[in-house]
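Data first, discussion second: the structure below is written as structure tokens.
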Amino acid sequence: MDIGSCLARNARRHPDKWALTCEGRSYTYGQFNREVNRLANGLQALGVQKGEKVALMMQNSDTFAISFFAAAKLGAVLVPVNFRLTSGEVRYILEHSDTSLVVCDAEYGDLIEEARPAAVKQVIVAGVPTVSGHLAYQQVLSENEQEPDAVVHERDDLEILYTSGTTGRPKGAVFDHHRILQVGVKMMALVGLQPNDRLLHLAPLFHSAQLNLLLLPGFFLGASHVIHRHFHPLEALKAMQEHKITFFFGVPTMYTYFLQVPNREQFDLSSVSRCAYGAAPMAPELVKQSMALFGTDQFYNFCGLTEGGPGGICLTPEDHKTKLGASGTAIFHTEARVVDDLDEDVPPGKVGELVLRGETMMKEYYKNPQATAETMRNGWLHTGDLAVIDENGYITLVDRKKDMIISGGENVYSVEVEQVLYAHPGVLEAAVIGVPHDVWGEMVAAVIVPKPGQTITLEELQSFCRKSLASYKIPRAMFLAEQLPRNASGKILKYKLREEWREHAGKSVS
């Protein structure tokens with residue numbers, strides 16, 4: 001059992017079944033598998049071997065899906081890259097992951113070349129290459145539509161998903177085929193994912209949730225997929241109606257925008273039997289309004305993390321009736337606990353750290369045994385999330401040990417942003433916090449202590465950050481302070497900053 005053989009098996013079982021539609025291009029399972037094989041054989045002709053790292057820096061597309069499966073069939077290890085990152089951030093990931101080949105959209109060709117480490121032997125561009133030496137995707141495709149000559153096992157590595165840490169340096173979570181197939185099994189058990197489901201992909205496919213929870217399990221089952229390159233609420237509602245989507249997952253921001261579409265009630269969304277949300281907190285009132293829009297109370301709250309597959313806890317539709325606002329309980333074949341610093345279970349109502357155990361948890365952090373040992377202890381994945389558990393076993397997240405901010409479904413780590421802010425010539429001290437936002441869930445805010453005699457504006461700070469940070473990491477609000485609150489050890493008390501500034505954040509992005 002591996003990802004590639006599951007696709008091939010479905011192509012043999014029902015070759016004429018609708019597999020995927022993207023920007024007017026549609027494929028049956030037979031057609032999609034042949035396209036995957038053409039690329040896999042083309043990559044093999046370029047010298048791609050089992051175990052090599054293949055990075056994908058692409059927006060959502062059929063080409064992304066084809067490229068992922070093609071590399072997987074060769075036993076290569078996929079490294080999805082956030083297309084919002086700067087060249088410096090991309091270079092670190094390519095270098096650290098030992099990537100030897102990159103597949104990217106044409107618009108990222110120049111950035112990849114700028115970030116390209118010596119180990120990257122070739123760059124393949126979906127579209128017209130803008131850099132001399134880059135290969136066009138079409139010219140790599142082989143005429144051979146047969147299964148590639150490669151042996152892939154269930155315990156072979158499949159992907160490395162990079163997620164930032166408190167040091168600001170991303171860490172690569174390694175998953176093999178078995179772990180990701182187990183994610184699919186859990187989705188079948190949890191939400192009843194079936195071969196007749198029709199799935200709409202709006203969130204970026206480089207994200208663990210959209211990729212591992214929906215795209216790969218959907219192909220594993222033989223479901224049908226609609227992929228949108230960009231999220232546009234009106235176009236998404238049209239697609240749900242046109243393609244009779246049955247199951248939808250989105251970050252809370254998407255549901256917020258759906259509710260802003262003027263004629264939203266005119267769309268026939270009756271085919272959508274289940275909805276799920278995750279990647280950021282979703283206010284109970286927003287959940288209720290979304291239930292009314294879709295005409296169903298079958299909503300699931302997924303609460304996990306990249307290192308979990310993703311996997312963790314879930315609030316089921318039944319639980320939404322009595323526990324709305326809670327994060328949930330452990331999902332199928334996963335264990336969850338809330339523990340103290342000695343890894344002992346905390347009593348109900350006391351704050352502790354959420355830890356998880358199950359077959360979807362990551363294998364390790366790539367080339368980082370120290371971080372692996374710190375995170376995976378005695379078989380339990382330590383999430384860094386602070387939580388409470390009630391008498392009935394329901395868990396609610398209350399904070400994050402690492403001060404991570406989740407803005408519009410994107411993870412932002414404060415230390416990484418602070419390191420950039422401290423490089424500004426006018427900044428004496430800086431602390432980055434998340435403040436509530438009615439659209440993004442949280443907004444990145446910087447609390448700045450200027451150097452004596454210095455004046456700093458938000459626009460100036462954003463311009464400075466733009467040189468080093470992806471757009472979603474740049475502070476959207478700035479608060480000036482005379483000093484930062486600290487404890488006896490000199491550590492900044494960020495919870496005090498959040499309490500002080502949360503009411504001053506405003507309602508819209510600057």
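Labels used: A, B, ... for chains in the order of the structure tokens, numbers from 1 for residues in each chain, and numbers from 1 for ligands as shown.
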Exercise. Give the strand (DSSP E) residues of region 37-238 of chain A, as DSSP finds them on the backbone, and put them as number ranges by chain.
Key: A: 53-57, 77-80, 99-105, 122-126, 135-136, 157-164, 170-176, 198-201, 224-227
Neighbouring residues of Met404 (chain A) were defined as those with any atom within 7 Å, considering only C-alpha atoms; residues of the same chain fewer than 3 positions away were excluded. Please report them as a tab-separated table (two decimals) with C-alpha atoms, in the first residue's frame.
```tsv
chain	number	residue	atom	x	y	z
A	400	ARG	CA	0.05	28.19	22.69
A	411	ASN	CA	0.92	29.95	11.21
A	412	VAL	CA	3.04	32.92	12.27
A	413	TYR	CA	5.73	32.53	14.91
A	414	SER	CA	6.47	35.64	16.93
```
Exercise. Go through A:Asp2, A:Asp340, A:Asp390, A:Glu410 and flag the residue nearest Gly328 (chain A), using only C-alpha atoms for the distances.
Key: A:Asp390
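Atom to atom, CA of Arg179 (chain A) and CA of Met361 (chain A) stand 7.1 Å apart.
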Quiz item: Skipping near chain neighbours, those fewer than 5 positions away, what residues fall within 8 Å of Asn33 (chain A) using only C-alpha atoms, listed as a VMD selection string?
Solution: chain A and resid 7 to 8 11
For the residues in that selection, give me N, CA and C atoms as an mmCIF file, in the first residue's frame.
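Below you can see selection35.cif, which holds the result:
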```cif
data_model
loop_
_atom_site.group_PDB
_atom_site.id
_atom_site.type_symbol
_atom_site.label_atom_id
_atom_site.label_comp_id
_atom_site.auth_asym_id
_atom_site.auth_seq_id
_atom_site.Cartn_x
_atom_site.Cartn_y
_atom_site.Cartn_z
ATOM 1 N N LEU A 7 -3.729 5.152 -6.410
ATOM 2 C CA LEU A 7 -4.242 5.839 -7.596
ATOM 3 C C LEU A 7 -4.344 4.874 -8.771
ATOM 4 N N ALA A 8 -3.302 4.098 -9.012
ATOM 5 C CA ALA A 8 -3.305 3.154 -10.132
ATOM 6 C C ALA A 8 -4.427 2.139 -9.989
ATOM 7 N N ALA A 11 -7.644 3.681 -10.971
ATOM 8 C CA ALA A 11 -7.692 3.854 -12.431
ATOM 9 C C ALA A 11 -8.077 2.544 -13.111
#
```
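Comparing the minimum interatomic distances between Asp341 (chain A) and each of A:Arg498, A:His382, A:Lys473, A:His96, counting only C-alpha atoms, we find that A:His382 sits nearest.
Nearest residue to Trp380 (chain A) among A:Ala106, A:Val79, A:Lys363, A:His14 is A:Lys363, counting only C-alpha atoms.
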Quiz item: DSSP says helix (DSSP H, G or I) for which residues of region 148-385 of chain A? Put them as number ranges by chain?
Solution: A: 177-191, 208-221, 233-243, 252-258, 264-266, 284-294, 306-308, 317-323, 369-375
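The shell of residues at most 12 Å from Gly393 (chain A), with only C-alpha atoms counted and near chain neighbours (fewer than 6 positions) removed, consists of Ile313, Cys314, Leu315, Asp319, Lys323, Ala326, Ser327, Gly328, Thr329, Ala330, Glu335, Ala336, Arg337, Val338, Asp345, Val346, Pro347, Pro348, Gly349 and Ala387 of chain A.
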Just want the 12 Å neighbourhood of Arg12 (chain A), counted on only C-alpha atoms, with same-chain residues fewer than 5 positions away dropped. Output as a PDB file with C-alpha atoms, in the first residue's frame.
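Dumped to selection08.pdb:
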```
ATOM      1  CA  SER A   5      -0.473   2.306  -6.190  1.00  0.00           C
ATOM      2  CA  CYS A   6      -3.789   3.448  -4.679  1.00  0.00           C
ATOM      3  CA  LEU A   7      -4.242   5.839  -7.596  1.00  0.00           C
ATOM      4  CA  LYS A  17     -15.056   7.912 -13.320  1.00  0.00           C
ATOM      5  CA  THR A  28     -11.246  10.691 -15.486  1.00  0.00           C
ATOM      6  CA  TYR A  29      -9.294   8.376 -13.196  1.00  0.00           C
ATOM      7  CA  GLY A  30      -7.851   6.647 -16.236  1.00  0.00           C
ATOM      8  CA  GLN A  31      -6.776   9.934 -17.830  1.00  0.00           C
ATOM      9  CA  PHE A  32      -5.372  11.351 -14.600  1.00  0.00           C
ATOM     10  CA  ASN A  33      -3.318   8.230 -13.895  1.00  0.00           C
ATOM     11  CA  ARG A  34      -1.891   8.265 -17.432  1.00  0.00           C
ATOM     12  CA  GLU A 147       3.378   2.532 -14.664  1.00  0.00           C
ATOM     13  CA  GLY A 222     -11.665   7.280  -5.596  1.00  0.00           C
TER      14      GLY A 222
END
```
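Comparing the minimum interatomic distances between Gly295 (chain A) and each of A:Phe231, A:Leu356, A:Val152, A:Ser270, counting only C-alpha atoms, we find that A:Ser270 sits nearest.
Proximity to region 80-83 of chain A at 8 Å, evaluated using only C-alpha atoms and with sequence-adjacent residues fewer than 3 positions away removed, yields Ala55, Leu56, Met57, Met58, Gln59, Val90, Ile93, Tyr108, Glu159, Ile160, Leu161, Tyr162, Phe206 and His207 of chain A.
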Take the residues from that selection and put them in a file with N, CA and C atoms, as a PDB file, in the first residue's frame.
```pdb
ATOM      1  N   ALA A  55      10.783  19.347  -4.577  1.00  0.00           N
ATOM      2  CA  ALA A  55      10.007  20.438  -3.998  1.00  0.00           C
ATOM      3  C   ALA A  55       8.951  20.921  -4.981  1.00  0.00           C
ATOM      4  N   LEU A  56       7.793  21.288  -4.455  1.00  0.00           N
ATOM      5  CA  LEU A  56       6.712  21.855  -5.259  1.00  0.00           C
ATOM      6  C   LEU A  56       6.414  23.249  -4.730  1.00  0.00           C
ATOM      7  N   MET A  57       6.652  24.277  -5.540  1.00  0.00           N
ATOM      8  CA  MET A  57       6.272  25.642  -5.173  1.00  0.00           C
ATOM      9  C   MET A  57       5.233  26.099  -6.190  1.00  0.00           C
ATOM     10  N   MET A  58       3.979  25.784  -5.876  1.00  0.00           N
ATOM     11  CA  MET A  58       2.909  25.973  -6.840  1.00  0.00           C
ATOM     12  C   MET A  58       1.625  26.377  -6.129  1.00  0.00           C
ATOM     13  N   GLN A  59       0.830  27.152  -6.812  1.00  0.00           N
ATOM     14  CA  GLN A  59      -0.519  27.394  -6.330  1.00  0.00           C
ATOM     15  C   GLN A  59      -1.376  26.177  -6.682  1.00  0.00           C
ATOM     16  N   VAL A  90      12.733  30.487   1.202  1.00  0.00           N
ATOM     17  CA  VAL A  90      12.678  29.336   0.293  1.00  0.00           C
ATOM     18  C   VAL A  90      14.038  28.654   0.216  1.00  0.00           C
ATOM     19  N   ILE A  93      14.664  26.247   3.084  1.00  0.00           N
ATOM     20  CA  ILE A  93      13.924  24.986   2.978  1.00  0.00           C
ATOM     21  C   ILE A  93      14.543  24.078   1.923  1.00  0.00           C
ATOM     22  N   TYR A 108       7.007  31.852 -10.273  1.00  0.00           N
ATOM     23  CA  TYR A 108       7.989  31.704  -9.205  1.00  0.00           C
ATOM     24  C   TYR A 108       9.362  31.286  -9.736  1.00  0.00           C
ATOM     25  N   GLU A 159       6.745  12.550   2.305  1.00  0.00           N
ATOM     26  CA  GLU A 159       6.762  14.010   2.258  1.00  0.00           C
ATOM     27  C   GLU A 159       7.468  14.590   3.480  1.00  0.00           C
ATOM     28  N   ILE A 160       7.965  15.807   3.295  1.00  0.00           N
ATOM     29  CA  ILE A 160       8.517  16.602   4.393  1.00  0.00           C
ATOM     30  C   ILE A 160       7.749  17.919   4.394  1.00  0.00           C
ATOM     31  N   LEU A 161       7.011  18.169   5.464  1.00  0.00           N
ATOM     32  CA  LEU A 161       6.216  19.379   5.574  1.00  0.00           C
ATOM     33  C   LEU A 161       6.900  20.324   6.563  1.00  0.00           C
ATOM     34  N   TYR A 162       7.248  21.506   6.094  1.00  0.00           N
ATOM     35  CA  TYR A 162       7.988  22.442   6.933  1.00  0.00           C
ATOM     36  C   TYR A 162       7.060  23.337   7.741  1.00  0.00           C
ATOM     37  N   PHE A 206      -0.301  23.149  -0.338  1.00  0.00           N
ATOM     38  CA  PHE A 206       0.940  22.910   0.385  1.00  0.00           C
ATOM     39  C   PHE A 206       0.675  22.767   1.888  1.00  0.00           C
ATOM     40  N   HIS A 207      -0.547  23.107   2.315  1.00  0.00           N
ATOM     41  CA  HIS A 207      -0.924  22.960   3.716  1.00  0.00           C
ATOM     42  C   HIS A 207      -1.238  21.507   4.028  1.00  0.00           C
TER      43      HIS A 207
END
```
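Distances to Leu286 (chain A) were evaluated for A:Ala223, A:Val439, A:Gln194, A:Lys350 using only C-alpha atoms, and the minimum falls at A:Val439.
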